[in-house]
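Shown here: work.txt, compact mmCIF, N, CA and C atoms.
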# COMPACT_ATOMS: atom_id res chain seq x y z
N MET H 1 -58.92 -111.60 4.43
CA MET H 1 -59.04 -110.44 3.57
C MET H 1 -60.47 -110.30 3.05
N MET H 2 -61.07 -111.42 2.58
CA MET H 2 -62.43 -111.37 2.04
C MET H 2 -63.43 -111.06 3.16
N GLY H 3 -63.15 -111.57 4.35
CA GLY H 3 -64.02 -111.28 5.49
C GLY H 3 -64.02 -109.79 5.81
N LYS H 4 -62.84 -109.20 5.73
CA LYS H 4 -62.70 -107.76 5.98
C LYS H 4 -63.45 -106.96 4.92
N LEU H 5 -63.40 -107.42 3.67
CA LEU H 5 -64.13 -106.75 2.59
C LEU H 5 -65.64 -106.81 2.82
N LYS H 6 -66.13 -107.97 3.18
CA LYS H 6 -67.57 -108.12 3.44
C LYS H 6 -67.99 -107.26 4.63
N GLU H 7 -67.15 -107.23 5.65
CA GLU H 7 -67.44 -106.40 6.82
C GLU H 7 -67.49 -104.92 6.43
N THR H 8 -66.56 -104.49 5.59
CA THR H 8 -66.53 -103.11 5.14
C THR H 8 -67.77 -102.80 4.30
N GLN H 9 -68.15 -103.73 3.43
CA GLN H 9 -69.36 -103.54 2.63
C GLN H 9 -70.58 -103.38 3.52
N GLN H 10 -70.69 -104.19 4.55
CA GLN H 10 -71.81 -104.12 5.46
C GLN H 10 -71.81 -102.77 6.19
N LYS H 11 -70.64 -102.32 6.62
CA LYS H 11 -70.53 -101.03 7.30
C LYS H 11 -70.92 -99.89 6.36
N MET H 12 -70.57 -100.02 5.08
CA MET H 12 -70.93 -99.00 4.09
C MET H 12 -72.45 -98.92 3.95
N GLU H 13 -73.12 -100.06 3.89
CA GLU H 13 -74.57 -100.08 3.78
C GLU H 13 -75.22 -99.49 5.03
N GLU H 14 -74.68 -99.84 6.19
CA GLU H 14 -75.20 -99.30 7.44
C GLU H 14 -75.03 -97.78 7.49
N THR H 15 -73.89 -97.31 7.00
CA THR H 15 -73.63 -95.87 6.98
C THR H 15 -74.59 -95.18 6.02
N LYS H 16 -74.81 -95.76 4.85
CA LYS H 16 -75.78 -95.18 3.90
C LYS H 16 -77.15 -95.05 4.54
N ASN H 17 -77.57 -96.09 5.24
CA ASN H 17 -78.88 -96.05 5.91
C ASN H 17 -78.91 -95.00 7.01
N ARG H 18 -77.82 -94.90 7.76
CA ARG H 18 -77.76 -93.91 8.84
C ARG H 18 -77.79 -92.49 8.29
N LEU H 19 -77.18 -92.28 7.13
CA LEU H 19 -77.14 -90.95 6.53
C LEU H 19 -78.52 -90.48 6.07
N ASN H 20 -79.48 -91.40 5.97
CA ASN H 20 -80.86 -91.01 5.68
C ASN H 20 -81.46 -90.22 6.84
N ASN H 21 -80.87 -90.36 8.02
CA ASN H 21 -81.37 -89.66 9.21
C ASN H 21 -80.54 -88.45 9.60
N VAL H 22 -79.45 -88.20 8.86
CA VAL H 22 -78.62 -87.02 9.12
C VAL H 22 -79.17 -85.89 8.26
N LEU H 23 -79.64 -84.83 8.91
CA LEU H 23 -80.26 -83.73 8.18
C LEU H 23 -79.29 -82.57 8.01
N VAL H 24 -79.35 -81.96 6.83
CA VAL H 24 -78.52 -80.81 6.49
C VAL H 24 -79.47 -79.66 6.15
N ASP H 25 -79.31 -78.54 6.84
CA ASP H 25 -80.15 -77.37 6.61
C ASP H 25 -79.35 -76.30 5.88
N GLU H 26 -80.04 -75.60 5.00
CA GLU H 26 -79.42 -74.47 4.29
C GLU H 26 -80.51 -73.44 4.08
N GLN H 27 -80.11 -72.17 4.02
CA GLN H 27 -81.08 -71.11 3.76
C GLN H 27 -80.43 -70.00 2.96
N SER H 28 -81.28 -69.17 2.37
CA SER H 28 -80.78 -68.00 1.65
C SER H 28 -80.22 -67.02 2.67
N ASN H 29 -79.40 -66.09 2.20
CA ASN H 29 -78.77 -65.13 3.11
C ASN H 29 -79.80 -64.33 3.91
N ASP H 30 -80.94 -64.05 3.30
CA ASP H 30 -81.97 -63.27 3.98
C ASP H 30 -83.01 -64.14 4.69
N GLY H 31 -82.86 -65.46 4.63
CA GLY H 31 -83.74 -66.37 5.33
C GLY H 31 -85.11 -66.58 4.68
N LEU H 32 -85.30 -66.07 3.47
CA LEU H 32 -86.60 -66.19 2.81
C LEU H 32 -86.87 -67.60 2.29
N LEU H 33 -85.82 -68.36 2.07
CA LEU H 33 -85.98 -69.74 1.59
C LEU H 33 -85.09 -70.65 2.43
N GLN H 34 -85.68 -71.71 2.94
CA GLN H 34 -84.93 -72.69 3.73
C GLN H 34 -85.21 -74.07 3.16
N VAL H 35 -84.19 -74.91 3.16
CA VAL H 35 -84.35 -76.28 2.67
C VAL H 35 -83.63 -77.23 3.62
N THR H 36 -84.20 -78.42 3.76
CA THR H 36 -83.58 -79.47 4.56
C THR H 36 -83.43 -80.70 3.68
N LEU H 37 -82.22 -81.26 3.66
CA LEU H 37 -81.90 -82.47 2.91
C LEU H 37 -81.32 -83.49 3.87
N THR H 38 -81.37 -84.77 3.47
CA THR H 38 -80.61 -85.77 4.20
C THR H 38 -79.19 -85.73 3.66
N ALA H 39 -78.28 -86.37 4.38
CA ALA H 39 -76.89 -86.46 3.91
C ALA H 39 -76.80 -87.32 2.66
N ASN H 40 -77.87 -88.06 2.33
CA ASN H 40 -77.94 -88.80 1.07
C ASN H 40 -78.58 -87.97 -0.03
N ARG H 41 -78.74 -86.69 0.21
CA ARG H 41 -79.21 -85.71 -0.76
C ARG H 41 -80.68 -85.89 -1.17
N GLU H 42 -81.49 -86.28 -0.23
CA GLU H 42 -82.94 -86.38 -0.45
C GLU H 42 -83.60 -85.18 0.22
N ILE H 43 -84.39 -84.43 -0.55
CA ILE H 43 -85.06 -83.25 -0.02
C ILE H 43 -86.14 -83.68 0.97
N LYS H 44 -86.12 -83.08 2.15
CA LYS H 44 -87.09 -83.41 3.19
C LYS H 44 -88.08 -82.28 3.44
N ASN H 45 -87.64 -81.02 3.28
CA ASN H 45 -88.51 -79.91 3.64
C ASN H 45 -88.08 -78.62 2.94
N PHE H 46 -89.07 -77.79 2.64
CA PHE H 46 -88.86 -76.43 2.13
C PHE H 46 -89.67 -75.47 2.98
N LYS H 47 -89.15 -74.30 3.21
CA LYS H 47 -89.90 -73.19 3.78
C LYS H 47 -89.67 -72.01 2.87
N ILE H 48 -90.76 -71.50 2.31
CA ILE H 48 -90.68 -70.40 1.36
C ILE H 48 -91.49 -69.23 1.92
N ALA H 49 -90.85 -68.08 2.05
CA ALA H 49 -91.54 -66.87 2.53
C ALA H 49 -92.57 -66.43 1.48
N ASP H 50 -93.69 -65.91 1.96
CA ASP H 50 -94.77 -65.48 1.07
C ASP H 50 -94.30 -64.49 0.01
N GLU H 51 -93.40 -63.60 0.38
CA GLU H 51 -92.95 -62.59 -0.58
C GLU H 51 -92.23 -63.19 -1.79
N LEU H 52 -91.61 -64.36 -1.61
CA LEU H 52 -90.96 -65.02 -2.75
C LEU H 52 -91.99 -65.58 -3.73
N LEU H 53 -93.18 -65.88 -3.25
CA LEU H 53 -94.22 -66.44 -4.11
C LEU H 53 -94.78 -65.41 -5.08
N GLN H 54 -94.47 -64.15 -4.84
CA GLN H 54 -94.98 -63.08 -5.70
C GLN H 54 -94.10 -62.89 -6.95
N ASP H 55 -92.88 -63.43 -6.91
CA ASP H 55 -91.93 -63.21 -8.01
C ASP H 55 -91.33 -64.55 -8.44
N LYS H 56 -91.88 -65.11 -9.49
CA LYS H 56 -91.47 -66.44 -9.96
C LYS H 56 -89.98 -66.50 -10.29
N GLU H 57 -89.46 -65.50 -10.99
CA GLU H 57 -88.05 -65.50 -11.38
C GLU H 57 -87.13 -65.45 -10.17
N MET H 58 -87.48 -64.64 -9.19
CA MET H 58 -86.66 -64.55 -7.99
C MET H 58 -86.71 -65.88 -7.22
N LEU H 59 -87.89 -66.49 -7.12
CA LEU H 59 -88.02 -67.78 -6.45
C LEU H 59 -87.15 -68.84 -7.13
N GLU H 60 -87.17 -68.86 -8.45
CA GLU H 60 -86.34 -69.82 -9.20
C GLU H 60 -84.87 -69.60 -8.89
N ASP H 61 -84.42 -68.35 -8.86
CA ASP H 61 -83.02 -68.04 -8.54
C ASP H 61 -82.67 -68.51 -7.13
N TYR H 62 -83.55 -68.23 -6.18
CA TYR H 62 -83.33 -68.66 -4.80
C TYR H 62 -83.24 -70.18 -4.71
N LEU H 63 -84.16 -70.87 -5.39
CA LEU H 63 -84.15 -72.34 -5.36
C LEU H 63 -82.84 -72.91 -5.88
N VAL H 64 -82.38 -72.40 -6.99
CA VAL H 64 -81.12 -72.90 -7.57
C VAL H 64 -79.96 -72.66 -6.61
N THR H 65 -79.86 -71.45 -6.09
CA THR H 65 -78.75 -71.11 -5.21
C THR H 65 -78.77 -71.92 -3.91
N VAL H 66 -79.90 -71.94 -3.24
CA VAL H 66 -79.99 -72.61 -1.94
C VAL H 66 -79.87 -74.13 -2.10
N LEU H 67 -80.51 -74.68 -3.12
CA LEU H 67 -80.40 -76.13 -3.33
C LEU H 67 -78.96 -76.54 -3.65
N ASN H 68 -78.28 -75.77 -4.48
CA ASN H 68 -76.89 -76.11 -4.79
C ASN H 68 -76.01 -76.06 -3.55
N LYS H 69 -76.21 -75.06 -2.69
CA LYS H 69 -75.44 -74.97 -1.44
C LYS H 69 -75.77 -76.15 -0.53
N ALA H 70 -77.04 -76.51 -0.44
CA ALA H 70 -77.45 -77.62 0.42
C ALA H 70 -76.90 -78.95 -0.10
N ILE H 71 -76.95 -79.14 -1.41
CA ILE H 71 -76.45 -80.38 -2.01
C ILE H 71 -74.94 -80.50 -1.78
N THR H 72 -74.23 -79.40 -1.92
CA THR H 72 -72.78 -79.41 -1.67
C THR H 72 -72.50 -79.78 -0.22
N LYS H 73 -73.23 -79.18 0.70
CA LYS H 73 -73.03 -79.46 2.12
C LYS H 73 -73.34 -80.93 2.43
N ALA H 74 -74.46 -81.43 1.89
CA ALA H 74 -74.85 -82.83 2.12
C ALA H 74 -73.83 -83.79 1.51
N THR H 75 -73.34 -83.46 0.34
CA THR H 75 -72.33 -84.29 -0.33
C THR H 75 -71.05 -84.36 0.50
N ASN H 76 -70.65 -83.23 1.07
CA ASN H 76 -69.44 -83.21 1.91
C ASN H 76 -69.60 -84.11 3.13
N VAL H 77 -70.77 -84.06 3.77
CA VAL H 77 -71.04 -84.92 4.92
C VAL H 77 -71.01 -86.38 4.49
N ASN H 78 -71.70 -86.67 3.40
CA ASN H 78 -71.79 -88.04 2.88
C ASN H 78 -70.40 -88.59 2.56
N GLU H 79 -69.62 -87.83 1.81
CA GLU H 79 -68.29 -88.30 1.41
C GLU H 79 -67.37 -88.50 2.61
N ALA H 80 -67.45 -87.62 3.59
CA ALA H 80 -66.60 -87.76 4.78
C ALA H 80 -66.96 -89.03 5.54
N GLU H 81 -68.25 -89.28 5.71
CA GLU H 81 -68.68 -90.47 6.43
C GLU H 81 -68.30 -91.75 5.68
N MET H 82 -68.54 -91.77 4.38
CA MET H 82 -68.24 -92.96 3.59
C MET H 82 -66.72 -93.19 3.52
N ALA H 83 -65.95 -92.12 3.43
CA ALA H 83 -64.49 -92.26 3.39
C ALA H 83 -63.96 -92.83 4.71
N ALA H 84 -64.57 -92.40 5.81
CA ALA H 84 -64.14 -92.91 7.12
C ALA H 84 -64.39 -94.41 7.22
N VAL H 85 -65.53 -94.86 6.71
CA VAL H 85 -65.84 -96.29 6.74
C VAL H 85 -64.89 -97.05 5.82
N ALA H 86 -64.67 -96.51 4.63
CA ALA H 86 -63.77 -97.17 3.67
C ALA H 86 -62.35 -97.25 4.23
N GLN H 87 -61.92 -96.16 4.87
CA GLN H 87 -60.56 -96.12 5.44
C GLN H 87 -60.41 -97.16 6.54
N SER H 88 -61.45 -97.31 7.35
CA SER H 88 -61.35 -98.27 8.46
C SER H 88 -61.30 -99.71 7.93
N GLY H 89 -61.76 -99.93 6.72
CA GLY H 89 -61.76 -101.27 6.14
C GLY H 89 -60.53 -101.60 5.33
N MET H 90 -59.65 -100.62 5.16
CA MET H 90 -58.44 -100.85 4.37
C MET H 90 -57.42 -101.64 5.19
N PRO H 91 -56.81 -102.63 4.58
CA PRO H 91 -55.74 -103.35 5.29
C PRO H 91 -54.53 -102.44 5.45
N ASN H 92 -53.73 -102.73 6.45
CA ASN H 92 -52.55 -101.94 6.73
C ASN H 92 -51.39 -102.46 5.86
N ILE H 93 -51.28 -101.91 4.66
CA ILE H 93 -50.23 -102.32 3.71
C ILE H 93 -49.14 -101.25 3.70
N PRO H 94 -47.90 -101.62 3.99
CA PRO H 94 -46.81 -100.63 3.99
C PRO H 94 -46.74 -99.88 2.65
N GLY H 95 -46.57 -98.56 2.76
CA GLY H 95 -46.46 -97.73 1.56
C GLY H 95 -47.79 -97.21 1.06
N MET H 96 -48.91 -97.78 1.53
CA MET H 96 -50.23 -97.36 1.07
C MET H 96 -50.73 -96.15 1.86
N ASP H 97 -50.02 -95.74 2.89
CA ASP H 97 -50.47 -94.60 3.70
C ASP H 97 -50.34 -93.29 2.95
N MET H 98 -49.71 -93.29 1.78
CA MET H 98 -49.60 -92.07 1.01
C MET H 98 -50.95 -91.64 0.43
N PHE H 99 -51.94 -92.55 0.44
CA PHE H 99 -53.26 -92.23 -0.10
C PHE H 99 -54.20 -91.66 0.95
N LYS H 100 -53.74 -91.51 2.16
CA LYS H 100 -54.59 -90.96 3.23
C LYS H 100 -54.73 -89.47 3.09
C-alpha cells encoding of this file:
Amino acid sequence: MMGKLKETQQKMEETKNRLNNVLVDEQSNDGLLQVTLTANREIKNFKIADELLQDKEMLEDYLVTVLNKAITKATNVNEAEMAAVAQSGMPNIPGMDMFK
C-alpha cells in the first residue's frame, strides 16, 4: 500500500512537470488579444493588437476576460490530468467506486 502511495506521488510530480509543457491558448472574440498559458497556469505569451494599446480601459477589460477564460481552460486540463493520475493510484476497494 505504501509503495503504491509513493508511486502515485511520483507520478503526480511527473505529471506536474509535464503540464509545464502543455500549452493552452485563448483569445478575445475578435482576436485582438491572445494569451498562452501552461496547464500549470503560468503565462507564456501575449499578443496585443495595436488598436487595443490606444484605449487603456478597453485593454484592461480584454485582459481580465481573456485571462479568466484561459485560466479556467488551463485549470480544467490540469485537474483532469491530476485526477487521472490520482485515480490510477487508488486501490481497488469494494464500494469506493461511487466516488468515480
Requested in this report: Extract, using all atoms listed in the file, all DNA, RNA and protein residues at most 7 Å from H:Leu37, discarding same-chain residues fewer than 3 positions from it, and format them as a PyMOL selection string.
Outcome: chain H and resi 22-26+40-45+70+74
Selection file, N, CA and C atoms, as an mmCIF file, in the coordinates of the input:
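Just written: selection.cif:
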data_model
loop_
_atom_site.group_PDB
_atom_site.id
_atom_site.type_symbol
_atom_site.label_atom_id
_atom_site.label_comp_id
_atom_site.auth_asym_id
_atom_site.auth_seq_id
_atom_site.Cartn_x
_atom_site.Cartn_y
_atom_site.Cartn_z
ATOM 1 N N VAL H 22 -79.450 -88.200 8.860
ATOM 2 C CA VAL H 22 -78.620 -87.020 9.120
ATOM 3 C C VAL H 22 -79.170 -85.890 8.260
ATOM 4 N N LEU H 23 -79.640 -84.830 8.910
ATOM 5 C CA LEU H 23 -80.260 -83.730 8.180
ATOM 6 C C LEU H 23 -79.290 -82.570 8.010
ATOM 7 N N VAL H 24 -79.350 -81.960 6.830
ATOM 8 C CA VAL H 24 -78.520 -80.810 6.490
ATOM 9 C C VAL H 24 -79.470 -79.660 6.150
ATOM 10 N N ASP H 25 -79.310 -78.540 6.840
ATOM 11 C CA ASP H 25 -80.150 -77.370 6.610
ATOM 12 C C ASP H 25 -79.350 -76.300 5.880
ATOM 13 N N GLU H 26 -80.040 -75.600 5.000
ATOM 14 C CA GLU H 26 -79.420 -74.470 4.290
ATOM 15 C C GLU H 26 -80.510 -73.440 4.080
ATOM 16 N N ASN H 40 -77.870 -88.060 2.330
ATOM 17 C CA ASN H 40 -77.940 -88.800 1.070
ATOM 18 C C ASN H 40 -78.580 -87.970 -0.030
ATOM 19 N N ARG H 41 -78.740 -86.690 0.210
ATOM 20 C CA ARG H 41 -79.210 -85.710 -0.760
ATOM 21 C C ARG H 41 -80.680 -85.890 -1.170
ATOM 22 N N GLU H 42 -81.490 -86.280 -0.230
ATOM 23 C CA GLU H 42 -82.940 -86.380 -0.450
ATOM 24 C C GLU H 42 -83.600 -85.180 0.220
ATOM 25 N N ILE H 43 -84.390 -84.430 -0.550
ATOM 26 C CA ILE H 43 -85.060 -83.250 -0.020
ATOM 27 C C ILE H 43 -86.140 -83.680 0.970
ATOM 28 N N LYS H 44 -86.120 -83.080 2.150
ATOM 29 C CA LYS H 44 -87.090 -83.410 3.190
ATOM 30 C C LYS H 44 -88.080 -82.280 3.440
ATOM 31 N N ASN H 45 -87.640 -81.020 3.280
ATOM 32 C CA ASN H 45 -88.510 -79.910 3.640
ATOM 33 C C ASN H 45 -88.080 -78.620 2.940
ATOM 34 N N ALA H 70 -77.040 -76.510 -0.440
ATOM 35 C CA ALA H 70 -77.450 -77.620 0.420
ATOM 36 C C ALA H 70 -76.900 -78.950 -0.100
ATOM 37 N N ALA H 74 -74.460 -81.430 1.890
ATOM 38 C CA ALA H 74 -74.850 -82.830 2.120
ATOM 39 C C ALA H 74 -73.830 -83.790 1.510
#
Requested in this report: Could you check which of H:Ile48, H:Leu59, H:Val77, H:Val66 is closest to H:Leu19, using only N, CA and C atoms?
Outcome: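 Closest to H:Leu19 of all the choices is H:Val77.
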Query raised in the report: Out of chain H, which residues get strand (DSSP E) from DSSP, as an MDAnalysis selection string?
Result: chainID H and resid 23:27 33:38 43:48
Can I get the selected residues back with N, CA and C atoms, as a CSV table (one decimal), keeping the file's coordinate frame?
chain,number,residue,atom,x,y,z
H,23,LEU,N,-79.6,-84.8,8.9
H,23,LEU,CA,-80.3,-83.7,8.2
H,23,LEU,C,-79.3,-82.6,8.0
H,24,VAL,N,-79.4,-82.0,6.8
H,24,VAL,CA,-78.5,-80.8,6.5
H,24,VAL,C,-79.5,-79.7,6.2
H,25,ASP,N,-79.3,-78.5,6.8
H,25,ASP,CA,-80.2,-77.4,6.6
H,25,ASP,C,-79.4,-76.3,5.9
H,26,GLU,N,-80.0,-75.6,5.0
H,26,GLU,CA,-79.4,-74.5,4.3
H,26,GLU,C,-80.5,-73.4,4.1
H,27,GLN,N,-80.1,-72.2,4.0
H,27,GLN,CA,-81.1,-71.1,3.8
H,27,GLN,C,-80.4,-70.0,3.0
H,33,LEU,N,-85.8,-68.4,2.1
H,33,LEU,CA,-86.0,-69.7,1.6
H,33,LEU,C,-85.1,-70.6,2.4
H,34,GLN,N,-85.7,-71.7,2.9
H,34,GLN,CA,-84.9,-72.7,3.7
H,34,GLN,C,-85.2,-74.1,3.2
H,35,VAL,N,-84.2,-74.9,3.2
H,35,VAL,CA,-84.4,-76.3,2.7
H,35,VAL,C,-83.6,-77.2,3.6
H,36,THR,N,-84.2,-78.4,3.8
H,36,THR,CA,-83.6,-79.5,4.6
H,36,THR,C,-83.4,-80.7,3.7
H,37,LEU,N,-82.2,-81.3,3.7
H,37,LEU,CA,-81.9,-82.5,2.9
H,37,LEU,C,-81.3,-83.5,3.9
H,38,THR,N,-81.4,-84.8,3.5
H,38,THR,CA,-80.6,-85.8,4.2
H,38,THR,C,-79.2,-85.7,3.7
H,43,ILE,N,-84.4,-84.4,-0.6
H,43,ILE,CA,-85.1,-83.2,0.0
H,43,ILE,C,-86.1,-83.7,1.0
H,44,LYS,N,-86.1,-83.1,2.2
H,44,LYS,CA,-87.1,-83.4,3.2
H,44,LYS,C,-88.1,-82.3,3.4
H,45,ASN,N,-87.6,-81.0,3.3
H,45,ASN,CA,-88.5,-79.9,3.6
H,45,ASN,C,-88.1,-78.6,2.9
H,46,PHE,N,-89.1,-77.8,2.6
H,46,PHE,CA,-88.9,-76.4,2.1
H,46,PHE,C,-89.7,-75.5,3.0
H,47,LYS,N,-89.2,-74.3,3.2
H,47,LYS,CA,-89.9,-73.2,3.8
H,47,LYS,C,-89.7,-72.0,2.9
H,48,ILE,N,-90.8,-71.5,2.3
H,48,ILE,CA,-90.7,-70.4,1.4
H,48,ILE,C,-91.5,-69.2,1.9
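What separates atom CA of H:Asn17 from atom CA of H:Thr72 is a distance of 19.3 Å.
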**Report entry** Length of the atom CA of H:Ala84 to atom C of H:Gln27 vector [Å]
**Finding:**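 These atoms are spaced 28.4 Å apart.
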Report task. Between atom CA of H:Thr36 and atom CA of H:Ile71, measure the distance and give it in Å to one decimal. Result -> 9.7 Å
Query - Distance criterion (only C-alpha atoms): nearest to H:Asn68 out of H:Ala80, H:Leu5, H:Leu52, H:Val35 - result: H:Val35
Report task. Point out the residue among H:Glu51, H:Asn78, H:Glu60, H:Val85 with the least atom-to-atom distance to H:Asp30, counting only C-alpha atoms. Result ->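 Between H:Glu51, H:Asn78, H:Glu60, H:Val85, the residue approaching H:Asp30 most closely is H:Glu51.
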Report summary line: Using only C-alpha atoms, the residue out of H:Ala39, H:Thr8, H:Gly3, H:Ser28 with shortest distance to H:Lys69 is H:Ser28
Query raised in the report: Among chain H, which ones does DSSP place in helix (DSSP H, G or I), written as a PyMOL selection string?
Result: chain H and resi 2-19+50-54+56-88+96-99
